[in-house]
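To start, the structure under review is shown below, and the notes come after it.
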Amino acid sequence: MGLLSVVIPAYNVAEYIAECLTSVISQSYTNLEIIVVDDGSTDASMQIVAGFAKYDKRISVIQLENGGNGRARNIGINVAKGEYLTFADSDDVVAPGAYALMMTAIKTSGSDFVVGSSMRLIGKKLQSTKISSHMHAKERTGISINDFPDILDDVFLWNKVFKKSFWDAQVAPIPEGVLYEDQETTARAFVRARSFDVLEEIVYFWRQRSDGSSITQGKRAQKDIDDRMSVANRMTTLLVSESTPQVIEKWFVRLFGSDLVPYYGEVPYADDAYWSVLSVGVNSLCELMVENVSSMAKLSKRLDPHARVMLRLAASGMKDELERVIVDRMEVGTGYQLEVDDGRFYAIPNYWNLLPECSKATVLECDPALLQTDTHVSVRGWTSSGELKLSGYGFIRGLRDQELIGTTRVSVKTTGGPWTMLAVDPVVNENIDANTNDPFATHTNSAFTSAVPVSFLNSASSDILQVSIGLSVSGHEFEEQHTIVVPKNGTCGDLDVPRVCDFSVNLEAEKFYVSIDWGNGQPATQLYLATQTHRLNPISTRDLGGTVVRYEFTLAQPFWGREVYAPHSGAYTLRHRMDDNVSPTPIGKPMGASQALLWTMPLDYQLQHAHVRVRLNSGSFAIVFSAPLDEKERGRYWQRHQQEIFSRGEREIQNHLVFESFGGKSCTDSPRALSDAMHAQNADKEIYWSIQDFSVSYPSYAKPLIRGTRDWFEMVSGAHYLINNNNFPYYFRKAEGQFYLQTWHGTPMKKIGLDAPTRYLSPSYRRLMQREANYWDLLLAQNEYSRKILPKAFGYQGPVLTEGYPRNDVLSSHRAEQISLSTRKLLGIRDDQVAVLYAPTWRDSAKDMTGTHQWVGYVDFEDAKKVLDDSTVFLIRGHHNVSGSNAFLPRGNAIDVSEYPEINDLILASDALITDYSSIMFDYGVIDKPIFFLVTDLEDYQSDVRGLYVTHSQVGLGETFLDSQCVVESLSHLTRSSTRSMSSRQELWSRDDGGASKRVIDLFVME
């Protein structure tokens, strides 16, 4: 069918290129010329390619100095011998059969090129995108850009096969030395093609790297915004001169509604040069839009309302207002409330009241195509008369249910058959709001039940059915389609596969029971519920007869020698295994559920100490434990509704105290020391502790407040005294009559607050801390050094108290020795073992693609075990900001104590500390034990990531090391009786004498 040349530019992709090449050479279409263009790689990429080329003579390599993707591709194209041309990026994957599919299509139609669909590749998971699903919803053969302007959204080269003659005459060359070179190149192809084909099938998987290192993931760089504006202007010139008005309108909708939106979000992190290029460039492009679009009103309605507002603010140079919008979108989300008036839809963003100059002059009317429908349907079993039961919901995000009640339509068909309308029964589902997470409207009335009649099922040509859910609003119709599989009525499935056949809960005892039919197999030696970091084991089993065994679990769980009322929140997958390995990680096999149980799921249970939901997690049986919020508290709509309590003008202030530590993750630190001291001084004092869920252990004398409950909002908003070591949520507003004591959580070595680089701290957090500092009535500082730093770092202008750190009282108390002994016993540390506490701080720059901070540590524990054998044990303490990360797994002679509730226990139990820039060094200084600083990334951290207020030598607490091997060597000379040898600044903890809590309480009461 003709030689197909595949051009693959490569630059430092050793981690990915083998998977890419494997996907290319494995294509069923084998008449390929594979041209790998090395763009100056400095890693092992080309060694890997050479290994492939040795055994596949279709692969050739061109080596260049680094010059960018465009240049590399052009050079590859110039040597291509094929009649047809395609591309692949070296970190992506070509779908199986893709080239055969596209080559057949282009040969059959005779078009200039063919376009296939694509999916996003995140790790090992594939994710479809709405935009790709829309463009490839149906096959289109022999069309032009005027037939389907929306195809302009397909801006990539790698999902296309071109006739080489067309490419050379109408498309080449690819722009060089710029980013987004694909967009201009594909636009030329679309505009100049005699005809092209659009396929439904997936032909390509493009990788979204979790580390953000992909070329197209760095929107914050100056070059990125420069190139984006350059490409936008060239694209505008091209389309204005060579396309039609409808294509030009589509281009501006894409440009202002999609391409430029990410850059607005980078403004709070960027410098003046970046802002200038963006603001001036957007204003210039707006002028071109006005000149070349016949109906601005029509185009405006097609733009996302947020994009419209940000466009206006950027073009007008209103940077502060733009940042306020960005912060609001971070905090509340990117949705909006919808109102309907005379058949038209109007958006009301949450920030509208913050921008009176915009809200008075701008009406955000929305094209109905912008509205986001949310529909779902699932099979619920069989009626007694043989009908197939269905349930589901349908709503429009941001729109009140009242606008939709009675309009839901459900239809069903088989492939190629006619639609059959089903009877619909509206029902109320109180759990919808908790799971759909629409902050702007409640949708409890959007649920329905229905049934597929027997007559339809008997005549159906397939067990696969298409189900359409339609909604009507003011004369506008909305529809989404789903696919369901008709189950076999009365069959039980494969009995060889064990599965959960029943689930029940004892609400009063807070126990739950999982019954498993092991089928023809033997019951596993282990069965447990597990997340990535936590594991729940059954407390008993009971044989129910036949092959069914019931496993009993309890909500209350042991946790580091304590019992807590509930496990850590999360989705726990049921797993089983046939050996005795008790690793906490989910390495056992997951398990499914019986058909009858599946028809009842999800199941929701409200317990005193947790909300429990039973559902499938990636096809496996799972139980989701979360804080015990009820149906009018769970979900973003009800949370937003409750947050309004902080905006009320008058609040009744009551004489109770609310304590919080690290956002409710623990009841520790200085707030706990002050809480204990205050209770000891006055046992009648009404004390509340704010906690995330009941996996957090709280003082027996205190009343727990679960974040997000009505009680939490009422008690925090009405408390006379607020004591925190961090910050309350973004929506917190202090009322007149409230007293806020901020203890903070350490003496800083690294720069914090307003002193830290802006590029890693979100504008939402920066504004929150500025607002919080204005609420503080009293700030604690451990020492005079902190007294000088903290107020400036937070913009705080009130009184500062330097009476020592309450959290350190126990380090100098008579209980210290006993705490050390009991903690070592609990952790299983022998009396002759040296315990080294490793407690590095977090890195602003180390985040995964979800924004979760990741563990960063530099001790080589395997090497340490070889050198130190079992005479030394490491206690690994991750910063509370990386508590959601599972990057560290215990290895070597190490124990992960990141979730151990009290850091002072670990300080007292250890014989030495390894840290980097963490404030723990100033607490550890209270005890006379060695401190080692492992600062492998010192230069980068000091100059780029954070910056330091003082150097390690100025602190004088211990020796610094740049690699793990050297610090391990020093540890080999350590004994349990070793003391700190270096001179240190005793004034940093001179007031940490065991009496700080009492002094603070006495002064606090006076205030």
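Residues are named by chain letter and number: chains run A, B, ... in the order of the structure tokens, numbers start at 1 in each chain, and ligands are numbered from 1 in the order shown.
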In region 35-228 of chain A, what's strand (DSSP E) per DSSP? Answer as a ChimeraX atom specification?
-> /A:35-39,59-64,84-87,93-94,113-122,125-127,140-143,160-163,196-207
Residues within 10 Å of Asp38 (chain A), only C-alpha atoms, excluding chain neighbours under 3 positions, as number ranges by chain | A: 8-12, 35, 41-42, 45-46, 49, 61-66, 69, 72, 76
Kindly export the residues of the current selection with all heavy atoms, as a short mmCIF file (atom, residue, chain, number, x, y, z; two decimals), in the first residue's frame.
data_model
loop_
_atom_site.label_atom_id
_atom_site.label_comp_id
_atom_site.auth_asym_id
_atom_site.auth_seq_id
_atom_site.Cartn_x
_atom_site.Cartn_y
_atom_site.Cartn_z
N ILE A 8 10.49 10.44 14.25
CA ILE A 8 10.42 10.47 15.71
C ILE A 8 11.57 11.32 16.24
O ILE A 8 12.71 10.86 16.33
CB ILE A 8 10.52 9.05 16.30
CG1 ILE A 8 9.49 8.12 15.66
CG2 ILE A 8 10.36 9.08 17.82
CD1 ILE A 8 9.61 6.67 16.11
N PRO A 9 11.32 12.58 16.61
CA PRO A 9 12.37 13.38 17.26
C PRO A 9 12.57 12.90 18.69
O PRO A 9 11.60 12.50 19.35
CB PRO A 9 11.81 14.80 17.22
CG PRO A 9 10.33 14.61 17.20
CD PRO A 9 10.06 13.33 16.46
N ALA A 10 13.80 12.91 19.18
CA ALA A 10 14.07 12.39 20.52
C ALA A 10 15.07 13.28 21.24
O ALA A 10 16.11 13.64 20.69
CB ALA A 10 14.61 10.96 20.43
N TYR A 11 14.74 13.59 22.49
CA TYR A 11 15.67 14.36 23.32
C TYR A 11 15.50 13.93 24.77
O TYR A 11 14.46 14.17 25.40
CB TYR A 11 15.45 15.87 23.18
CG TYR A 11 16.35 16.68 24.10
CD1 TYR A 11 17.71 16.78 23.83
CD2 TYR A 11 15.84 17.32 25.22
CE1 TYR A 11 18.55 17.51 24.67
CE2 TYR A 11 16.67 18.04 26.06
CZ TYR A 11 18.03 18.13 25.79
OH TYR A 11 18.86 18.85 26.62
N ASN A 12 16.51 13.24 25.30
CA ASN A 12 16.54 12.82 26.71
C ASN A 12 15.25 12.13 27.15
O ASN A 12 14.57 12.58 28.08
CB ASN A 12 16.85 14.02 27.61
CG ASN A 12 18.30 14.47 27.50
OD1 ASN A 12 19.12 13.79 26.88
ND2 ASN A 12 18.63 15.60 28.10
N ILE A 35 12.41 6.84 11.21
CA ILE A 35 13.53 7.79 11.27
C ILE A 35 13.55 8.43 12.66
O ILE A 35 12.69 9.24 13.00
CB ILE A 35 13.40 8.87 10.19
CG1 ILE A 35 13.26 8.24 8.81
CG2 ILE A 35 14.57 9.84 10.26
CD1 ILE A 35 12.82 9.24 7.73
N SER A 41 20.59 14.39 22.55
CA SER A 41 20.34 13.77 23.85
C SER A 41 21.64 13.58 24.63
O SER A 41 22.68 13.25 24.07
CB SER A 41 19.65 12.42 23.68
OG SER A 41 18.38 12.56 23.11
N THR A 42 21.54 13.78 25.95
CA THR A 42 22.71 13.59 26.82
C THR A 42 22.51 12.40 27.77
O THR A 42 23.36 12.14 28.60
CB THR A 42 22.97 14.86 27.66
OG1 THR A 42 21.78 15.18 28.42
CG2 THR A 42 23.32 16.03 26.76
N SER A 45 19.27 7.66 25.77
CA SER A 45 18.24 7.47 24.75
C SER A 45 18.78 6.78 23.50
O SER A 45 18.18 5.82 22.99
CB SER A 45 17.65 8.82 24.34
OG SER A 45 16.99 9.44 25.41
N MET A 46 19.92 7.23 23.00
CA MET A 46 20.42 6.69 21.73
C MET A 46 20.99 5.29 21.87
O MET A 46 20.97 4.51 20.92
CB MET A 46 21.46 7.64 21.13
CG MET A 46 20.85 8.91 20.59
SD MET A 46 19.47 8.61 19.42
CE MET A 46 18.05 9.04 20.43
N VAL A 49 17.94 3.25 21.42
CA VAL A 49 17.54 3.22 20.01
C VAL A 49 18.47 2.30 19.22
O VAL A 49 18.02 1.52 18.36
CB VAL A 49 17.55 4.65 19.42
CG1 VAL A 49 17.28 4.60 17.92
CG2 VAL A 49 16.52 5.53 20.12
N VAL A 61 18.95 6.36 12.30
CA VAL A 61 19.15 7.41 13.31
C VAL A 61 19.90 8.58 12.69
O VAL A 61 20.91 8.39 11.99
CB VAL A 61 19.92 6.88 14.53
CG1 VAL A 61 20.13 8.00 15.55
CG2 VAL A 61 19.18 5.71 15.16
N ILE A 62 19.41 9.78 12.93
CA ILE A 62 20.11 11.01 12.55
C ILE A 62 20.48 11.73 13.85
O ILE A 62 19.61 11.96 14.69
CB ILE A 62 19.22 11.93 11.70
CG1 ILE A 62 18.79 11.21 10.42
CG2 ILE A 62 19.94 13.23 11.38
CD1 ILE A 62 17.78 12.00 9.61
N GLN A 63 21.75 12.07 14.01
CA GLN A 63 22.19 12.71 15.24
C GLN A 63 22.50 14.18 14.98
O GLN A 63 23.22 14.53 14.05
CB GLN A 63 23.40 11.98 15.82
CG GLN A 63 23.03 10.57 16.31
CD GLN A 63 24.14 9.91 17.10
OE1 GLN A 63 25.26 9.82 16.62
NE2 GLN A 63 23.82 9.46 18.30
N LEU A 64 21.95 15.05 15.85
CA LEU A 64 22.09 16.49 15.72
C LEU A 64 22.50 17.10 17.05
O LEU A 64 22.35 16.48 18.11
CB LEU A 64 20.76 17.13 15.29
CG LEU A 64 20.02 16.57 14.08
CD1 LEU A 64 18.65 17.21 13.99
CD2 LEU A 64 20.83 16.83 12.82
N GLU A 65 22.99 18.33 16.99
CA GLU A 65 23.07 19.12 18.20
C GLU A 65 21.67 19.62 18.53
O GLU A 65 20.84 19.77 17.64
CB GLU A 65 24.03 20.30 18.01
CG GLU A 65 25.48 19.88 17.83
CD GLU A 65 26.41 21.08 17.74
OE1 GLU A 65 25.88 22.23 17.80
OE2 GLU A 65 27.62 20.88 17.61
N ASN A 66 21.43 19.91 19.79
CA ASN A 66 20.08 20.28 20.21
C ASN A 66 19.62 21.55 19.49
O ASN A 66 20.29 22.57 19.50
CB ASN A 66 20.04 20.51 21.72
CG ASN A 66 18.64 20.84 22.21
OD1 ASN A 66 18.35 21.96 22.58
ND2 ASN A 66 17.75 19.85 22.18
N ASN A 69 12.32 20.60 18.55
CA ASN A 69 11.47 19.63 17.86
C ASN A 69 11.25 19.95 16.39
O ASN A 69 11.29 19.08 15.53
CB ASN A 69 10.12 19.57 18.57
CG ASN A 69 9.88 18.24 19.25
OD1 ASN A 69 10.77 17.41 19.31
ND2 ASN A 69 8.70 18.03 19.76
N ALA A 72 14.33 19.19 14.26
CA ALA A 72 14.55 17.76 14.20
C ALA A 72 13.55 17.10 13.24
O ALA A 72 13.92 16.24 12.42
CB ALA A 72 14.44 17.14 15.59
N GLY A 76 14.28 15.19 9.59
CA GLY A 76 13.78 13.83 9.35
C GLY A 76 12.91 13.75 8.11
O GLY A 76 13.00 12.80 7.33
#
Close residues, Lys865 (chain A) itself excluded, 12 Å, only C-alpha atoms, min 2 positions apart in chain, as a ChimeraX atom specification = /A:859-863,867-874,891-894,965,968-969,971-972
Would you mind exporting the chosen residues as a compact mmCIF listing (two decimals), in the first residue's frame, restricted to N, CA and C atoms?
# COMPACT_ATOMS: atom_id res chain seq x y z
N VAL A 859 18.99 9.83 52.23
CA VAL A 859 19.72 8.74 52.90
C VAL A 859 19.54 7.45 52.10
N ASP A 860 20.62 6.79 51.81
CA ASP A 860 20.59 5.49 51.14
C ASP A 860 20.48 4.43 52.24
N PHE A 861 19.26 3.96 52.50
CA PHE A 861 19.04 3.07 53.63
C PHE A 861 19.62 1.68 53.40
N GLU A 862 19.64 1.24 52.14
CA GLU A 862 20.23 -0.06 51.85
C GLU A 862 21.74 -0.03 52.13
N ASP A 863 22.40 1.04 51.71
CA ASP A 863 23.83 1.18 51.97
C ASP A 863 24.08 1.32 53.47
N VAL A 867 26.55 -0.95 56.09
CA VAL A 867 27.63 -0.37 56.89
C VAL A 867 27.35 -0.51 58.39
N LEU A 868 26.11 -0.27 58.78
CA LEU A 868 25.78 -0.18 60.20
C LEU A 868 25.14 -1.45 60.75
N ASP A 869 24.82 -2.40 59.88
CA ASP A 869 24.07 -3.63 60.21
C ASP A 869 22.85 -3.28 61.05
N ASP A 870 22.48 -4.12 61.99
CA ASP A 870 21.25 -3.82 62.74
C ASP A 870 21.54 -3.10 64.05
N SER A 871 22.75 -2.56 64.18
CA SER A 871 23.07 -1.79 65.38
C SER A 871 22.40 -0.42 65.34
N THR A 872 21.95 -0.01 64.16
CA THR A 872 21.31 1.29 63.99
C THR A 872 19.97 1.12 63.31
N VAL A 873 18.97 1.80 63.80
CA VAL A 873 17.66 1.80 63.17
C VAL A 873 17.27 3.24 62.85
N PHE A 874 16.70 3.44 61.67
CA PHE A 874 16.29 4.77 61.24
C PHE A 874 14.79 4.95 61.47
N ARG A 891 12.59 0.55 53.95
CA ARG A 891 13.56 -0.35 53.36
C ARG A 891 14.83 -0.27 54.19
N GLY A 892 15.68 -1.29 54.04
CA GLY A 892 16.84 -1.33 54.91
C GLY A 892 16.36 -1.47 56.35
N ASN A 893 17.08 -0.89 57.27
CA ASN A 893 16.72 -0.96 58.69
C ASN A 893 16.00 0.33 59.07
N ALA A 894 14.81 0.53 58.48
CA ALA A 894 14.10 1.80 58.65
C ALA A 894 12.64 1.56 59.01
N GLN A 965 26.67 8.70 51.82
CA GLN A 965 27.79 7.86 52.24
C GLN A 965 28.58 8.50 53.38
N VAL A 968 26.55 8.43 56.66
CA VAL A 968 26.52 7.06 57.19
C VAL A 968 27.84 6.73 57.86
N GLU A 969 28.93 7.16 57.28
CA GLU A 969 30.24 6.94 57.88
C GLU A 969 30.32 7.58 59.26
N LEU A 971 27.79 8.18 61.20
CA LEU A 971 26.88 7.45 62.08
C LEU A 971 27.54 6.19 62.64
N SER A 972 28.50 5.64 61.93
CA SER A 972 29.15 4.40 62.37
C SER A 972 29.93 4.61 63.68
Can you pull out every residue within 12 Å of Pro453 (chain A), counting only C-alpha atoms, but drop anything in the same chain fewer than 3 positions away, and send it as a VMD selection string?
-> chain A and resid 382 to 390 411 to 413 420 to 423 450 456 to 460
What is the distance, in Å and to one decimal place, between CA of Tyr204 (chain A) and CA of Gly82 (chain A)?
-> 20.5 Å
Could you name the residues that touch Met103 (chain A) at 9 Å or less, counting only C-alpha atoms, but leaving out those on the same chain fewer than 6 positions away, as a ChimeraX atom specification?
-> /A:1-2,4,29,84,114,161
Could you write out, as an mmCIF file with N, CA and C atoms, in the first residue's frame, all the residues of region 65-227 of chain A that DSSP marks as alpha helix (DSSP H)?
data_model
loop_
_atom_site.group_PDB
_atom_site.id
_atom_site.type_symbol
_atom_site.label_atom_id
_atom_site.label_comp_id
_atom_site.auth_asym_id
_atom_site.auth_seq_id
_atom_site.Cartn_x
_atom_site.Cartn_y
_atom_site.Cartn_z
ATOM 1 N N ASN A 69 12.321 20.605 18.546
ATOM 2 C CA ASN A 69 11.474 19.630 17.864
ATOM 3 C C ASN A 69 11.253 19.955 16.393
ATOM 4 N N GLY A 70 10.987 21.231 16.083
ATOM 5 C CA GLY A 70 10.679 21.616 14.706
ATOM 6 C C GLY A 70 11.820 21.319 13.764
ATOM 7 N N ARG A 71 13.019 21.701 14.162
ATOM 8 C CA ARG A 71 14.190 21.451 13.322
ATOM 9 C C ARG A 71 14.428 19.956 13.154
ATOM 10 N N ALA A 72 14.326 19.194 14.258
ATOM 11 C CA ALA A 72 14.548 17.757 14.196
ATOM 12 C C ALA A 72 13.553 17.100 13.236
ATOM 13 N N ARG A 73 12.308 17.486 13.316
ATOM 14 C CA ARG A 73 11.300 16.902 12.427
ATOM 15 C C ARG A 73 11.577 17.270 10.964
ATOM 16 N N ASN A 74 11.896 18.532 10.721
ATOM 17 C CA ASN A 74 12.155 18.956 9.336
ATOM 18 C C ASN A 74 13.305 18.169 8.716
ATOM 19 N N ILE A 75 14.363 17.939 9.483
ATOM 20 C CA ILE A 75 15.496 17.182 8.962
ATOM 21 C C ILE A 75 15.090 15.738 8.693
ATOM 22 N N GLY A 76 14.282 15.188 9.586
ATOM 23 C CA GLY A 76 13.782 13.833 9.351
ATOM 24 C C GLY A 76 12.907 13.754 8.114
ATOM 25 N N ILE A 77 12.056 14.761 7.914
ATOM 26 C CA ILE A 77 11.176 14.792 6.739
ATOM 27 C C ILE A 77 11.995 14.875 5.453
ATOM 28 N N ASN A 78 13.062 15.655 5.512
ATOM 29 C CA ASN A 78 13.874 15.861 4.307
ATOM 30 C C ASN A 78 14.507 14.574 3.794
ATOM 31 N N VAL A 79 14.773 13.624 4.683
ATOM 32 C CA VAL A 79 15.396 12.378 4.231
ATOM 33 C C VAL A 79 14.370 11.262 4.053
ATOM 34 N N ALA A 98 -2.859 1.156 14.464
ATOM 35 C CA ALA A 98 -3.156 2.528 14.055
ATOM 36 C C ALA A 98 -2.759 2.803 12.610
ATOM 37 N N TYR A 99 -1.543 2.399 12.230
ATOM 38 C CA TYR A 99 -1.065 2.723 10.881
ATOM 39 C C TYR A 99 -1.840 1.972 9.814
ATOM 40 N N ALA A 100 -2.202 0.727 10.081
ATOM 41 C CA ALA A 100 -3.011 -0.027 9.112
ATOM 42 C C ALA A 100 -4.361 0.648 8.921
ATOM 43 N N LEU A 101 -4.942 1.094 10.004
ATOM 44 C CA LEU A 101 -6.246 1.750 9.959
ATOM 45 C C LEU A 101 -6.177 3.031 9.137
ATOM 46 N N MET A 102 -5.197 3.869 9.421
ATOM 47 C CA MET A 102 -5.111 5.157 8.724
ATOM 48 C C MET A 102 -4.677 4.985 7.266
ATOM 49 N N MET A 103 -3.785 4.052 7.019
ATOM 50 C CA MET A 103 -3.370 3.824 5.633
ATOM 51 C C MET A 103 -4.526 3.301 4.784
ATOM 52 N N THR A 104 -5.338 2.433 5.336
ATOM 53 C CA THR A 104 -6.516 1.943 4.606
ATOM 54 C C THR A 104 -7.470 3.085 4.301
ATOM 55 N N ALA A 105 -7.673 3.960 5.284
ATOM 56 C CA ALA A 105 -8.600 5.077 5.112
ATOM 57 C C ALA A 105 -8.120 6.036 4.033
ATOM 58 N N ILE A 106 -6.835 6.403 4.056
ATOM 59 C CA ILE A 106 -6.346 7.398 3.105
ATOM 60 C C ILE A 106 -6.274 6.823 1.689
ATOM 61 N N LYS A 107 -5.988 5.540 1.578
ATOM 62 C CA LYS A 107 -5.970 4.920 0.247
ATOM 63 C C LYS A 107 -7.387 4.799 -0.310
ATOM 64 N N THR A 108 -8.340 4.530 0.555
ATOM 65 C CA THR A 108 -9.726 4.347 0.106
ATOM 66 C C THR A 108 -10.352 5.659 -0.318
ATOM 67 N N SER A 109 -10.127 6.720 0.476
ATOM 68 C CA SER A 109 -10.789 8.004 0.213
ATOM 69 C C SER A 109 -10.045 8.859 -0.792
ATOM 70 N N LYS A 130 -12.730 15.181 26.517
ATOM 71 C CA LYS A 130 -14.007 15.582 25.942
ATOM 72 C C LYS A 130 -13.829 16.152 24.544
ATOM 73 N N ILE A 131 -12.766 16.909 24.372
ATOM 74 C CA ILE A 131 -12.572 17.581 23.093
ATOM 75 C C ILE A 131 -12.287 16.564 21.989
ATOM 76 N N SER A 132 -11.495 15.540 22.306
ATOM 77 C CA SER A 132 -11.207 14.511 21.311
ATOM 78 C C SER A 132 -12.451 13.671 21.031
ATOM 79 N N SER A 133 -13.201 13.363 22.089
ATOM 80 C CA SER A 133 -14.432 12.589 21.904
ATOM 81 C C SER A 133 -15.419 13.329 21.010
ATOM 82 N N HIS A 134 -15.487 14.651 21.155
ATOM 83 C CA HIS A 134 -16.382 15.454 20.314
ATOM 84 C C HIS A 134 -15.921 15.443 18.859
ATOM 85 N N MET A 135 -14.632 15.680 18.636
ATOM 86 C CA MET A 135 -14.140 15.772 17.261
ATOM 87 C C MET A 135 -14.247 14.449 16.522
ATOM 88 N N LYS A 164 2.809 12.462 1.320
ATOM 89 C CA LYS A 164 4.061 13.237 1.344
ATOM 90 C C LYS A 164 4.026 14.348 0.297
ATOM 91 N N SER A 165 3.412 14.096 -0.839
ATOM 92 C CA SER A 165 3.350 15.131 -1.883
ATOM 93 C C SER A 165 2.527 16.331 -1.413
ATOM 94 N N PHE A 166 1.440 16.082 -0.708
ATOM 95 C CA PHE A 166 0.629 17.173 -0.157
ATOM 96 C C PHE A 166 1.430 17.929 0.890
ATOM 97 N N GLU A 181 4.753 24.312 17.678
ATOM 98 C CA GLU A 181 4.942 24.302 16.236
ATOM 99 C C GLU A 181 3.893 23.446 15.535
ATOM 100 N N ASP A 182 3.326 22.489 16.254
ATOM 101 C CA ASP A 182 2.288 21.640 15.655
ATOM 102 C C ASP A 182 1.062 22.445 15.241
ATOM 103 N N GLN A 183 0.697 23.453 16.042
ATOM 104 C CA GLN A 183 -0.579 24.134 15.825
ATOM 105 C C GLN A 183 -0.615 24.871 14.489
ATOM 106 N N GLU A 184 0.429 25.618 14.212
ATOM 107 C CA GLU A 184 0.467 26.334 12.943
ATOM 108 C C GLU A 184 0.563 25.352 11.771
ATOM 109 N N THR A 185 1.321 24.286 11.951
ATOM 110 C CA THR A 185 1.508 23.318 10.881
ATOM 111 C C THR A 185 0.201 22.597 10.554
ATOM 112 N N THR A 186 -0.516 22.135 11.589
ATOM 113 C CA THR A 186 -1.789 21.447 11.342
ATOM 114 C C THR A 186 -2.823 22.401 10.763
ATOM 115 N N ALA A 187 -2.770 23.665 11.165
ATOM 116 C CA ALA A 187 -3.719 24.635 10.609
ATOM 117 C C ALA A 187 -3.506 24.790 9.104
ATOM 118 N N ARG A 188 -2.252 24.835 8.671
ATOM 119 C CA ARG A 188 -1.982 24.904 7.235
ATOM 120 C C ARG A 188 -2.589 23.704 6.526
ATOM 121 N N ALA A 189 -2.414 22.535 7.140
ATOM 122 C CA ALA A 189 -2.942 21.318 6.519
ATOM 123 C C ALA A 189 -4.462 21.376 6.405
ATOM 124 N N PHE A 190 -5.135 21.764 7.471
ATOM 125 C CA PHE A 190 -6.597 21.809 7.455
ATOM 126 C C PHE A 190 -7.122 22.826 6.447
ATOM 127 N N VAL A 191 -6.490 23.982 6.415
ATOM 128 C CA VAL A 191 -6.979 25.058 5.542
ATOM 129 C C VAL A 191 -6.690 24.768 4.069
ATOM 130 N N ARG A 192 -5.557 24.152 3.772
ATOM 131 C CA ARG A 192 -5.125 23.996 2.382
ATOM 132 C C ARG A 192 -5.475 22.636 1.770
ATOM 133 N N GLN A 222 9.137 32.255 30.410
ATOM 134 C CA GLN A 222 9.000 33.419 29.544
ATOM 135 C C GLN A 222 8.987 33.007 28.076
ATOM 136 N N LYS A 223 9.838 32.038 27.708
ATOM 137 C CA LYS A 223 9.857 31.583 26.316
ATOM 138 C C LYS A 223 8.507 31.013 25.921
ATOM 139 N N ASP A 224 7.851 30.353 26.845
ATOM 140 C CA ASP A 224 6.565 29.742 26.536
ATOM 141 C C ASP A 224 5.538 30.802 26.153
ATOM 142 N N ILE A 225 5.419 31.858 26.957
ATOM 143 C CA ILE A 225 4.426 32.891 26.648
ATOM 144 C C ILE A 225 4.837 33.663 25.392
ATOM 145 N N ASP A 226 6.152 33.865 25.206
ATOM 146 C CA ASP A 226 6.613 34.527 23.981
ATOM 147 C C ASP A 226 6.216 33.724 22.749
ATOM 148 N N ASP A 227 6.478 32.419 22.798
ATOM 149 C CA ASP A 227 6.165 31.561 21.655
ATOM 150 C C ASP A 227 4.666 31.440 21.443
#
Please indicate the distance in Å from CA of Ile202 (chain A) to CA of Ile34 (chain A), rounded to one decimal place.
-> 21.0 Å
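Within 6 Å of region 521-530 of chain A there are Arg535, Leu536, Asn537, Tyr572, Thr573, Leu574, Arg575, His576, Arg577, Met578 and Pro586 of chain A, counting only C-alpha atoms and ignoring same-chain residues fewer than 5 positions away.
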Filtering to N, CA and C atoms, could you give me those residues as a short mmCIF file (atom, residue, chain, number, x, y, z; two decimals), in the first residue's frame?
data_model
loop_
_atom_site.label_atom_id
_atom_site.label_comp_id
_atom_site.auth_asym_id
_atom_site.auth_seq_id
_atom_site.Cartn_x
_atom_site.Cartn_y
_atom_site.Cartn_z
N ARG A 535 -3.72 -0.58 56.14
CA ARG A 535 -4.30 -1.91 56.00
C ARG A 535 -5.22 -2.20 57.18
N LEU A 536 -6.39 -2.78 56.88
CA LEU A 536 -7.36 -3.19 57.89
C LEU A 536 -7.52 -4.70 57.81
N ASN A 537 -7.33 -5.37 58.92
CA ASN A 537 -7.48 -6.81 58.99
C ASN A 537 -8.78 -7.17 59.70
N TYR A 572 -10.42 1.78 50.48
CA TYR A 572 -9.73 0.55 50.86
C TYR A 572 -10.21 -0.59 49.95
N THR A 573 -9.33 -1.09 49.12
CA THR A 573 -9.68 -2.19 48.23
C THR A 573 -9.56 -3.52 48.98
N LEU A 574 -10.53 -4.40 48.77
CA LEU A 574 -10.47 -5.73 49.38
C LEU A 574 -9.48 -6.59 48.61
N ARG A 575 -8.53 -7.19 49.32
CA ARG A 575 -7.48 -7.98 48.67
C ARG A 575 -7.27 -9.30 49.43
N HIS A 576 -6.73 -10.28 48.73
CA HIS A 576 -6.46 -11.56 49.36
C HIS A 576 -5.17 -12.15 48.80
N ARG A 577 -4.54 -13.00 49.60
CA ARG A 577 -3.30 -13.64 49.19
C ARG A 577 -3.15 -14.96 49.92
N MET A 578 -2.28 -15.81 49.40
CA MET A 578 -2.16 -17.17 49.92
C MET A 578 -0.82 -17.39 50.63
N PRO A 586 -0.78 -2.71 49.27
CA PRO A 586 -1.84 -3.53 48.66
C PRO A 586 -1.31 -4.47 47.59
#
